[in-house]
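Just model_7.pdb here, PDB, C-alpha atoms, pLDDT in the B column:
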```
MODEL        1
ATOM      1  CA  ARG V  16      13.738  22.437   4.367  1.00 76.00           C
ATOM      2  CA  ILE V  17      10.605  20.430   3.540  1.00 79.00           C
ATOM      3  CA  THR V  18       8.691  21.980   0.643  1.00 86.00           C
ATOM      4  CA  ASP V  19       4.925  22.458   0.794  1.00 87.00           C
ATOM      5  CA  ALA V  20       4.526  19.985  -2.070  1.00 89.00           C
ATOM      6  CA  ASP V  21       6.527  17.281  -0.284  1.00 87.00           C
ATOM      7  CA  ALA V  22       4.680  17.916   2.991  1.00 86.00           C
ATOM      8  CA  LYS V  23       1.355  17.479   1.173  1.00 91.00           C
ATOM      9  CA  MET V  24       2.615  14.333  -0.570  1.00 90.00           C
ATOM     10  CA  ILE V  25       3.731  12.623   2.654  1.00 89.00           C
ATOM     11  CA  ARG V  26       0.487  13.558   4.433  1.00 91.00           C
ATOM     12  CA  ASN V  27      -1.470  11.941   1.608  1.00 93.00           C
ATOM     13  CA  CYS V  28       0.485   8.711   2.254  1.00 94.00           C
ATOM     14  CA  VAL V  29      -0.886   8.299   5.805  1.00 95.00           C
ATOM     15  CA  ILE V  30      -3.248   5.344   6.197  1.00 96.00           C
ATOM     16  CA  TYR V  31      -3.177   5.034   9.996  1.00 95.00           C
ATOM     17  CA  ARG V  32      -2.071   7.188  12.916  1.00 92.00           C
ATOM     18  CA  ASP V  33      -2.479   7.317  16.680  1.00 91.00           C
ATOM     19  CA  GLU V  34      -0.484   8.795  19.552  1.00 90.00           C
ATOM     20  CA  HIS V  35       2.285   6.204  19.136  1.00 92.00           C
ATOM     21  CA  VAL V  36       2.693   5.327  15.457  1.00 94.00           C
ATOM     22  CA  ILE V  37       2.020   6.471  11.899  1.00 93.00           C
ATOM     23  CA  ALA V  38       1.691   4.017   8.998  1.00 96.00           C
ATOM     24  CA  LEU V  39       2.383   5.248   5.478  1.00 96.00           C
ATOM     25  CA  ASN V  40       1.694   3.820   2.027  1.00 97.00           C
ATOM     26  CA  LYS V  41       5.054   4.796   0.524  1.00 96.00           C
ATOM     27  CA  PRO V  42       5.136   5.467  -3.221  1.00 95.00           C
ATOM     28  CA  PRO V  43       7.783   3.727  -5.346  1.00 95.00           C
ATOM     29  CA  GLY V  44      10.899   5.794  -5.946  1.00 92.00           C
ATOM     30  CA  LEU V  45      10.829   7.492  -2.544  1.00 91.00           C
ATOM     31  CA  ALA V  46      13.727   6.447  -0.293  1.00 91.00           C
ATOM     32  CA  VAL V  47      13.032   5.797   3.395  1.00 90.00           C
ATOM     33  CA  GLN V  48      16.379   7.195   4.550  1.00 81.00           C
ATOM     34  CA  GLY V  49      18.990   9.623   3.301  1.00 71.00           C
ATOM     35  CA  GLY V  50      21.858   8.517   1.132  1.00 63.00           C
ATOM     36  CA  SER V  51      23.800   9.552  -1.909  1.00 49.00           C
ATOM     37  CA  GLY V  52      21.980  12.402  -3.602  1.00 55.00           C
ATOM     38  CA  GLN V  53      18.879  12.081  -1.422  1.00 54.00           C
ATOM     39  CA  ALA V  54      19.069  15.493   0.314  1.00 59.00           C
ATOM     40  CA  ASP V  55      15.976  15.631   2.570  1.00 63.00           C
ATOM     41  CA  ARG V  56      13.506  13.997   0.216  1.00 73.00           C
ATOM     42  CA  HIS V  57      13.070  10.708   2.072  1.00 86.00           C
ATOM     43  CA  VAL V  58      10.547   9.311   4.559  1.00 88.00           C
ATOM     44  CA  ASP V  59      12.802   9.765   7.591  1.00 83.00           C
ATOM     45  CA  ALA V  60      13.063  13.527   6.981  1.00 83.00           C
ATOM     46  CA  LEU V  61       9.588  14.105   5.530  1.00 83.00           C
ATOM     47  CA  SER V  62       7.866  12.398   8.469  1.00 83.00           C
ATOM     48  CA  GLU V  63       8.550  15.542  10.504  1.00 81.00           C
ATOM     49  CA  ALA V  64       5.833  17.206   8.414  1.00 80.00           C
ATOM     50  CA  LEU V  65       3.317  14.733   9.890  1.00 79.00           C
ATOM     51  CA  ILE V  66       3.719  15.755  13.527  1.00 72.00           C
ATOM     52  CA  PHE V  67       2.965  19.244  14.784  1.00 59.00           C
ATOM     53  CA  ASP V  68       3.111  18.772  18.568  1.00 58.00           C
ATOM     54  CA  ALA V  69       5.928  16.240  18.856  1.00 56.00           C
ATOM     55  CA  GLU V  70       8.300  16.360  21.781  1.00 62.00           C
ATOM     56  CA  GLU V  71      10.502  13.851  19.993  1.00 69.00           C
ATOM     57  CA  LYS V  72      11.643  13.394  16.406  1.00 80.00           C
ATOM     58  CA  PRO V  73       9.632  10.713  14.547  1.00 84.00           C
ATOM     59  CA  ARG V  74      11.727   7.634  13.781  1.00 89.00           C
ATOM     60  CA  LEU V  75      11.536   4.866  11.192  1.00 91.00           C
ATOM     61  CA  VAL V  76      10.558   1.482  12.637  1.00 95.00           C
ATOM     62  CA  HIS V  77      11.736  -0.546   9.621  1.00 93.00           C
ATOM     63  CA  ARG V  78      12.893  -0.059   6.031  1.00 91.00           C
ATOM     64  CA  LEU V  79      11.727  -0.599   2.467  1.00 93.00           C
ATOM     65  CA  ASP V  80      13.811  -0.530  -0.688  1.00 92.00           C
ATOM     66  CA  ARG V  81      13.488   2.758  -2.536  1.00 92.00           C
ATOM     67  CA  ASP V  82      11.681   1.152  -5.501  1.00 95.00           C
ATOM     68  CA  THR V  83       9.320  -0.931  -3.333  1.00 97.00           C
ATOM     69  CA  SER V  84       5.960   0.646  -2.516  1.00 97.00           C
ATOM     70  CA  GLY V  85       3.671   0.078   0.432  1.00 98.00           C
ATOM     71  CA  LEU V  86       3.514  -0.005   4.192  1.00 98.00           C
ATOM     72  CA  VAL V  87       6.205   1.537   6.339  1.00 96.00           C
ATOM     73  CA  MET V  88       5.808   2.553  10.005  1.00 96.00           C
ATOM     74  CA  VAL V  89       7.120   5.617  11.793  1.00 94.00           C
ATOM     75  CA  ALA V  90       7.184   5.772  15.592  1.00 93.00           C
ATOM     76  CA  LYS V  91       6.158   9.082  17.173  1.00 91.00           C
ATOM     77  CA  LYS V  92       7.827   8.267  20.498  1.00 90.00           C
ATOM     78  CA  ARG V  93      11.066   6.568  21.503  1.00 92.00           C
ATOM     79  CA  SER V  94       9.086   4.135  23.689  1.00 93.00           C
ATOM     80  CA  ALA V  95       6.979   3.069  20.687  1.00 94.00           C
ATOM     81  CA  LEU V  96      10.110   2.631  18.570  1.00 95.00           C
ATOM     82  CA  ARG V  97      11.724   0.388  21.210  1.00 96.00           C
ATOM     83  CA  PHE V  98       8.549  -1.700  21.536  1.00 96.00           C
ATOM     84  CA  LEU V  99       8.073  -2.205  17.785  1.00 96.00           C
ATOM     85  CA  GLN V 100      11.729  -2.936  17.078  1.00 95.00           C
ATOM     86  CA  ASP V 101      11.698  -5.526  19.867  1.00 96.00           C
ATOM     87  CA  GLU V 102       8.594  -7.057  18.242  1.00 96.00           C
ATOM     88  CA  LEU V 103      10.499  -7.176  14.928  1.00 94.00           C
ATOM     89  CA  ARG V 104      13.510  -8.865  16.524  1.00 93.00           C
ATOM     90  CA  HIS V 105      11.264 -11.546  18.006  1.00 93.00           C
ATOM     91  CA  LYS V 106       9.454 -12.002  14.653  1.00 93.00           C
ATOM     92  CA  ARG V 107       6.103 -10.971  16.103  1.00 95.00           C
ATOM     93  CA  ILE V 108       5.409  -8.479  13.303  1.00 96.00           C
ATOM     94  CA  ARG V 109       4.206 -10.218  10.156  1.00 97.00           C
ATOM     95  CA  LYS V 110       4.864  -8.568   6.801  1.00 97.00           C
ATOM     96  CA  HIS V 111       3.061  -9.576   3.618  1.00 98.00           C
ATOM     97  CA  TYR V 112       4.184  -8.349   0.204  1.00 98.00           C
ATOM     98  CA  HIS V 113       2.549  -8.688  -3.196  1.00 98.00           C
ATOM     99  CA  ALA V 114       4.928  -9.317  -6.082  1.00 98.00           C
ATOM    100  CA  LEU V 115       4.266  -9.764  -9.780  1.00 98.00           C
ATOM    101  CA  VAL V 116       6.830 -12.314 -10.934  1.00 98.00           C
ATOM    102  CA  ALA V 117       7.841 -13.669 -14.324  1.00 97.00           C
ATOM    103  CA  GLY V 118       6.426 -17.033 -15.376  1.00 97.00           C
ATOM    104  CA  THR V 119       4.012 -19.462 -13.741  1.00 97.00           C
ATOM    105  CA  TRP V 120       4.678 -19.794 -10.020  1.00 98.00           C
ATOM    106  CA  PRO V 121       4.519 -23.507  -9.023  1.00 96.00           C
ATOM    107  CA  GLU V 122       1.695 -24.410  -6.653  1.00 92.00           C
ATOM    108  CA  LYS V 123       4.035 -26.512  -4.520  1.00 95.00           C
ATOM    109  CA  LEU V 124       6.604 -23.761  -4.031  1.00 97.00           C
ATOM    110  CA  ALA V 125       5.520 -22.434  -0.639  1.00 98.00           C
ATOM    111  CA  ARG V 126       8.876 -21.557   0.921  1.00 98.00           C
ATOM    112  CA  VAL V 127      12.404 -20.585  -0.035  1.00 98.00           C
ATOM    113  CA  ALA V 128      15.055 -20.975   2.660  1.00 98.00           C
ATOM    114  CA  GLU V 129      18.276 -20.212   0.765  1.00 98.00           C
ATOM    115  CA  PRO V 130      21.001 -18.351   2.724  1.00 98.00           C
ATOM    116  CA  LEU V 131      21.777 -14.850   1.451  1.00 98.00           C
ATOM    117  CA  LEU V 132      25.126 -13.085   1.189  1.00 97.00           C
ATOM    118  CA  ARG V 133      25.664  -9.366   0.556  1.00 96.00           C
ATOM    119  CA  TYR V 134      28.502  -8.451  -1.778  1.00 95.00           C
ATOM    120  CA  GLU V 135      29.822  -5.492  -3.715  1.00 93.00           C
ATOM    121  CA  MET V 136      29.970  -5.110  -7.496  1.00 92.00           C
ATOM    122  CA  PRO V 137      33.170  -3.724  -9.119  1.00 92.00           C
ATOM    123  CA  ASN V 138      31.387  -0.365  -9.478  1.00 91.00           C
ATOM    124  CA  GLY V 139      30.658  -0.285  -5.740  1.00 88.00           C
ATOM    125  CA  GLU V 140      26.965  -1.210  -6.039  1.00 89.00           C
ATOM    126  CA  ARG V 141      25.742  -3.544  -3.307  1.00 91.00           C
ATOM    127  CA  ARG V 142      23.972  -6.740  -4.326  1.00 95.00           C
ATOM    128  CA  VAL V 143      22.797  -9.957  -2.671  1.00 97.00           C
ATOM    129  CA  LYS V 144      23.143 -13.565  -3.813  1.00 97.00           C
ATOM    130  CA  VAL V 145      22.293 -17.058  -2.637  1.00 97.00           C
ATOM    131  CA  SER V 146      25.412 -18.510  -1.031  1.00 97.00           C
ATOM    132  CA  GLY V 147      26.286 -21.180   1.502  1.00 96.00           C
ATOM    133  CA  GLU V 148      28.382 -18.489   3.193  1.00 96.00           C
ATOM    134  CA  GLY V 149      25.331 -16.250   3.633  1.00 97.00           C
ATOM    135  CA  LYS V 150      22.916 -15.668   6.486  1.00 97.00           C
ATOM    136  CA  GLU V 151      19.938 -17.901   7.188  1.00 97.00           C
ATOM    137  CA  SER V 152      16.900 -16.577   5.295  1.00 97.00           C
ATOM    138  CA  LEU V 153      13.298 -17.721   4.901  1.00 98.00           C
ATOM    139  CA  THR V 154      10.445 -16.427   2.750  1.00 98.00           C
ATOM    140  CA  LEU V 155       6.980 -18.012   2.636  1.00 98.00           C
ATOM    141  CA  TYR V 156       5.030 -17.831  -0.624  1.00 98.00           C
ATOM    142  CA  ARG V 157       1.470 -18.201  -1.826  1.00 97.00           C
ATOM    143  CA  CYS V 158       0.328 -17.799  -5.421  1.00 98.00           C
ATOM    144  CA  LEU V 159      -2.619 -15.398  -5.623  1.00 97.00           C
ATOM    145  CA  GLN V 160      -3.254 -15.292  -9.372  1.00 96.00           C
ATOM    146  CA  ARG V 161      -1.738 -16.535 -12.619  1.00 96.00           C
ATOM    147  CA  TYR V 162      -1.650 -14.487 -15.802  1.00 96.00           C
ATOM    148  CA  GLU V 163      -0.208 -14.990 -19.255  1.00 94.00           C
ATOM    149  CA  GLY V 164       3.534 -14.825 -18.658  1.00 95.00           C
ATOM    150  CA  TYR V 165       3.304 -13.690 -15.031  1.00 97.00           C
ATOM    151  CA  SER V 166       2.052 -14.636 -11.561  1.00 98.00           C
ATOM    152  CA  LEU V 167       0.936 -12.523  -8.616  1.00 98.00           C
ATOM    153  CA  VAL V 168       2.326 -13.973  -5.388  1.00 98.00           C
ATOM    154  CA  GLU V 169       2.157 -13.096  -1.719  1.00 98.00           C
ATOM    155  CA  ALA V 170       5.631 -13.179  -0.161  1.00 98.00           C
ATOM    156  CA  SER V 171       5.930 -13.207   3.631  1.00 98.00           C
ATOM    157  CA  PRO V 172       9.530 -12.838   4.837  1.00 97.00           C
ATOM    158  CA  VAL V 173      10.261 -14.542   8.158  1.00 96.00           C
ATOM    159  CA  THR V 174      13.779 -13.125   8.269  1.00 95.00           C
ATOM    160  CA  GLY V 175      14.599  -9.569   7.205  1.00 93.00           C
ATOM    161  CA  ARG V 176      17.611  -9.700   4.901  1.00 95.00           C
ATOM    162  CA  THR V 177      18.437  -7.028   2.321  1.00 94.00           C
ATOM    163  CA  HIS V 178      16.679  -7.736  -1.030  1.00 97.00           C
ATOM    164  CA  GLN V 179      15.448 -11.028   0.450  1.00 98.00           C
ATOM    165  CA  ILE V 180      12.197 -11.383  -1.500  1.00 98.00           C
ATOM    166  CA  ARG V 181      13.802 -10.172  -4.729  1.00 98.00           C
ATOM    167  CA  VAL V 182      16.704 -12.636  -4.559  1.00 98.00           C
ATOM    168  CA  HIS V 183      14.576 -15.576  -3.407  1.00 98.00           C
ATOM    169  CA  CYS V 184      12.156 -14.991  -6.303  1.00 98.00           C
ATOM    170  CA  ALA V 185      15.034 -14.814  -8.795  1.00 98.00           C
ATOM    171  CA  TRP V 186      16.625 -17.960  -7.311  1.00 98.00           C
ATOM    172  CA  ALA V 187      13.305 -19.789  -7.789  1.00 98.00           C
ATOM    173  CA  GLY V 188      13.395 -18.865 -11.487  1.00 97.00           C
ATOM    174  CA  HIS V 189      10.646 -16.246 -11.193  1.00 98.00           C
ATOM    175  CA  PRO V 190      12.276 -12.820 -10.785  1.00 98.00           C
ATOM    176  CA  ILE V 191      10.090  -9.893  -9.811  1.00 98.00           C
ATOM    177  CA  ALA V 192       8.904  -7.980 -12.865  1.00 98.00           C
ATOM    178  CA  GLY V 193      10.764  -4.709 -13.352  1.00 97.00           C
ATOM    179  CA  ASP V 194      13.690  -5.703 -11.121  1.00 97.00           C
ATOM    180  CA  ASP V 195      16.706  -4.182 -12.876  1.00 94.00           C
ATOM    181  CA  LYS V 196      19.092  -5.808 -10.379  1.00 95.00           C
ATOM    182  CA  TYR V 197      17.952  -9.444 -10.466  1.00 97.00           C
ATOM    183  CA  MET V 198      15.937  -9.853 -13.709  1.00 96.00           C
ATOM    184  CA  ASP V 199      17.730 -10.643 -16.975  1.00 95.00           C
ATOM    185  CA  ASP V 200      17.724  -8.032 -19.736  1.00 95.00           C
ATOM    186  CA  ALA V 201      15.442  -9.948 -22.119  1.00 95.00           C
ATOM    187  CA  SER V 202      12.780 -10.461 -19.433  1.00 95.00           C
ATOM    188  CA  LEU V 203      13.065  -6.836 -18.377  1.00 96.00           C
ATOM    189  CA  LYS V 204      12.569  -5.706 -21.994  1.00 96.00           C
ATOM    190  CA  ALA V 205       9.511  -7.972 -22.332  1.00 95.00           C
ATOM    191  CA  PHE V 206       8.059  -6.479 -19.155  1.00 96.00           C
ATOM    192  CA  ARG V 207       8.514  -2.952 -20.490  1.00 95.00           C
ATOM    193  CA  ALA V 208       6.756  -4.054 -23.688  1.00 93.00           C
ATOM    194  CA  VAL V 209       3.553  -4.910 -21.791  1.00 90.00           C
ATOM    195  CA  GLY V 210       3.546  -1.482 -20.111  1.00 90.00           C
ATOM    196  CA  GLY V 211       5.607  -2.198 -16.999  1.00 94.00           C
ATOM    197  CA  GLU V 212       7.004   0.965 -15.422  1.00 89.00           C
ATOM    198  CA  ARG V 213       8.288  -0.021 -11.983  1.00 96.00           C
ATOM    199  CA  LEU V 214       9.548  -2.771  -9.698  1.00 97.00           C
ATOM    200  CA  MET V 215       6.395  -4.796  -9.050  1.00 98.00           C
ATOM    201  CA  LEU V 216       6.897  -5.304  -5.320  1.00 98.00           C
ATOM    202  CA  HIS V 217       4.421  -3.823  -2.840  1.00 98.00           C
ATOM    203  CA  ALA V 218       4.361  -4.076   0.964  1.00 98.00           C
ATOM    204  CA  ARG V 219       0.687  -4.972   1.133  1.00 98.00           C
ATOM    205  CA  ALA V 220      -0.062  -5.778   4.791  1.00 98.00           C
ATOM    206  CA  LEU V 221       1.336  -5.565   8.321  1.00 97.00           C
ATOM    207  CA  GLU V 222       0.114  -7.561  11.312  1.00 97.00           C
ATOM    208  CA  PHE V 223       1.383  -6.260  14.648  1.00 97.00           C
ATOM    209  CA  THR V 224       0.509  -5.286  18.206  1.00 96.00           C
ATOM    210  CA  LEU V 225      -0.137  -1.598  18.800  1.00 94.00           C
ATOM    211  CA  PRO V 226       2.206   0.038  21.310  1.00 94.00           C
ATOM    212  CA  GLY V 227       0.355   1.317  24.355  1.00 86.00           C
ATOM    213  CA  SER V 228      -2.982  -0.485  23.959  1.00 90.00           C
ATOM    214  CA  GLY V 229      -1.665  -3.963  23.048  1.00 91.00           C
ATOM    215  CA  GLU V 230      -4.417  -4.254  20.440  1.00 94.00           C
ATOM    216  CA  ALA V 231      -3.837  -6.680  17.556  1.00 96.00           C
ATOM    217  CA  MET V 232      -3.735  -4.729  14.303  1.00 96.00           C
ATOM    218  CA  ARG V 233      -3.758  -5.549  10.598  1.00 97.00           C
ATOM    219  CA  LEU V 234      -3.170  -2.770   8.086  1.00 98.00           C
ATOM    220  CA  GLU V 235      -3.442  -3.051   4.312  1.00 98.00           C
ATOM    221  CA  ALA V 236      -2.159  -0.632   1.682  1.00 98.00           C
ATOM    222  CA  PRO V 237      -3.781  -0.371  -1.754  1.00 97.00           C
ATOM    223  CA  TYR V 238      -1.660  -0.565  -4.902  1.00 97.00           C
ATOM    224  CA  ASP V 239      -0.461   2.638  -6.512  1.00 96.00           C
ATOM    225  CA  THR V 240      -1.881   3.412  -9.981  1.00 95.00           C
ATOM    226  CA  PRO V 241       0.890   1.870 -12.163  1.00 95.00           C
ATOM    227  CA  PHE V 242       0.881  -1.391 -10.158  1.00 97.00           C
ATOM    228  CA  GLY V 243      -2.925  -1.669 -10.149  1.00 96.00           C
ATOM    229  CA  LYS V 244      -3.309  -0.778 -13.839  1.00 96.00           C
ATOM    230  CA  LEU V 245      -0.777  -3.366 -14.964  1.00 96.00           C
ATOM    231  CA  VAL V 246      -2.299  -6.159 -12.870  1.00 96.00           C
ATOM    232  CA  ASP V 247      -5.755  -5.288 -14.236  1.00 96.00           C
ATOM    233  CA  ALA V 248      -4.435  -5.252 -17.813  1.00 94.00           C
ATOM    234  CA  LEU V 249      -2.799  -8.666 -17.352  1.00 95.00           C
ATOM    235  CA  ALA V 250      -6.040 -10.033 -15.872  1.00 94.00           C
ATOM    236  CA  ARG V 251      -8.020  -8.839 -18.918  1.00 93.00           C
ATOM    237  CA  ARG V 252      -5.439 -10.229 -21.333  1.00 89.00           C
ATOM    238  CA  SER V 253      -5.379 -13.596 -19.550  1.00 86.00           C
ATOM    239  CA  LYS V 254      -9.143 -13.964 -19.052  1.00 82.00           C
ATOM    240  CA  GLY V 255     -10.285 -17.518 -19.693  1.00 70.00           C
ATOM    241  CA  LYS V 256      -6.740 -18.895 -20.003  1.00 72.00           C
ATOM    242  CA  PHE V 257      -6.225 -19.802 -16.320  1.00 63.00           C
TER     243      PHE V 257
ENDMDL
END
```
Mind turning this structure into structure tokens?
Amino acid sequence: RITDADAKMIRNCVIYRDEHVIALNKPPGLAVQGGSGQADRHVDALSEALIFDAEEKPRLVHRLDRDTSGLVMVAKKRSALRFLQDELRHKRIRKHYHALVAGTWPEKLARVAEPLLRYEMPNGERRVKVSGEGKESLTLYRCLQRYEGYSLVEASPVTGRTHQIRVHCAWAGHPIAGDDKYMDDASLKAFRAVGGERLMLHARALEFTLPGSGEAMRLEAPYDTPFGKLVDALARRSKGKF
């Protein structure tokens, strides 16, 4: 059963809705689908609280990691789901993420095309690594701002591999701040010392065609408070240095 508090929370995440689709600005820490220990507190279950006259169950169009915040779409109709997932398969939906990464991102580093392989740790945890045996993967990058010790980059994945942006950033020598899977312990400790609380990866924008009308759409999701506060603090600390 969806609690009143969770229903209110998920409704406050809505940034766009029409008769075909709902777009949410997902908070970090909220899973998109059920899994170990998730019960019904995930986007896939909670989205039912967004639709009062639905003939069909709302369905996730795509996924985000639990600790990643930002835009995720839910289709209100099976026809909309089929349309949007076909658009995804043909790479006609463009996703843009903002990531705060460790170090100074090089101006010339505009793409990472390393193949990615999923594997399992001895404890059963699933991870991803760069490997010649992996699947073709491509992420486009653009540096938005440089701070003391960190850079804010826009990452636009062309392929949709698990942990793609996180692993490509780490491979480039600039892991995403707060990433407890792919950032080394010393860097993670330094990030906590400047007030970092979360994985600094945010699904900032989606460019896609609306089901039904065919209208070209661009949606943007604002940062949550911890992400925005940390970026602002780094900007103040770095003022005049870059």
Taking all listed atoms of stretch 31-39 of chain V, build the axis-aligned box, pad each of the six sides by 5 Å, then write its centre and edge lengths in Å to one decimal as JSON.
```
{"center_x": -0.2, "center_y": 6.4, "center_z": 12.5, "size_x": 15.9, "size_y": 14.8, "size_z": 24.1}
```
Here's a test: counting all atoms listed in the file, identify every protein, DNA and RNA residue with an atom at most 12 Å from (10.0, -8.9, 15.6) in the file's coordinate frame, and state them as a list in words.
Val76, His77, Leu96, Arg97, Phe98, Leu99, Gln100, Asp101, Glu102, Leu103, Arg104, His105, Lys106, Arg107, Ile108, Arg109, Lys110, Pro172, Val173, Thr174, Gly175, Leu221, Glu222, Phe223 and Thr224 of chain V
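Take atom CA of V:Gln179 and atom CA of V:Arg78: the distance between them is 12.6 Å.
Distance annotation: of V:Ile66, V:Leu61, V:Val47, V:Ala250, the residue with the minimal separation from V:Ile17 is V:Leu61; atom set is only C-alpha atoms.
Note that atom CA of V:Lys254 and atom CA of V:Pro190 are 23.0 Å apart.
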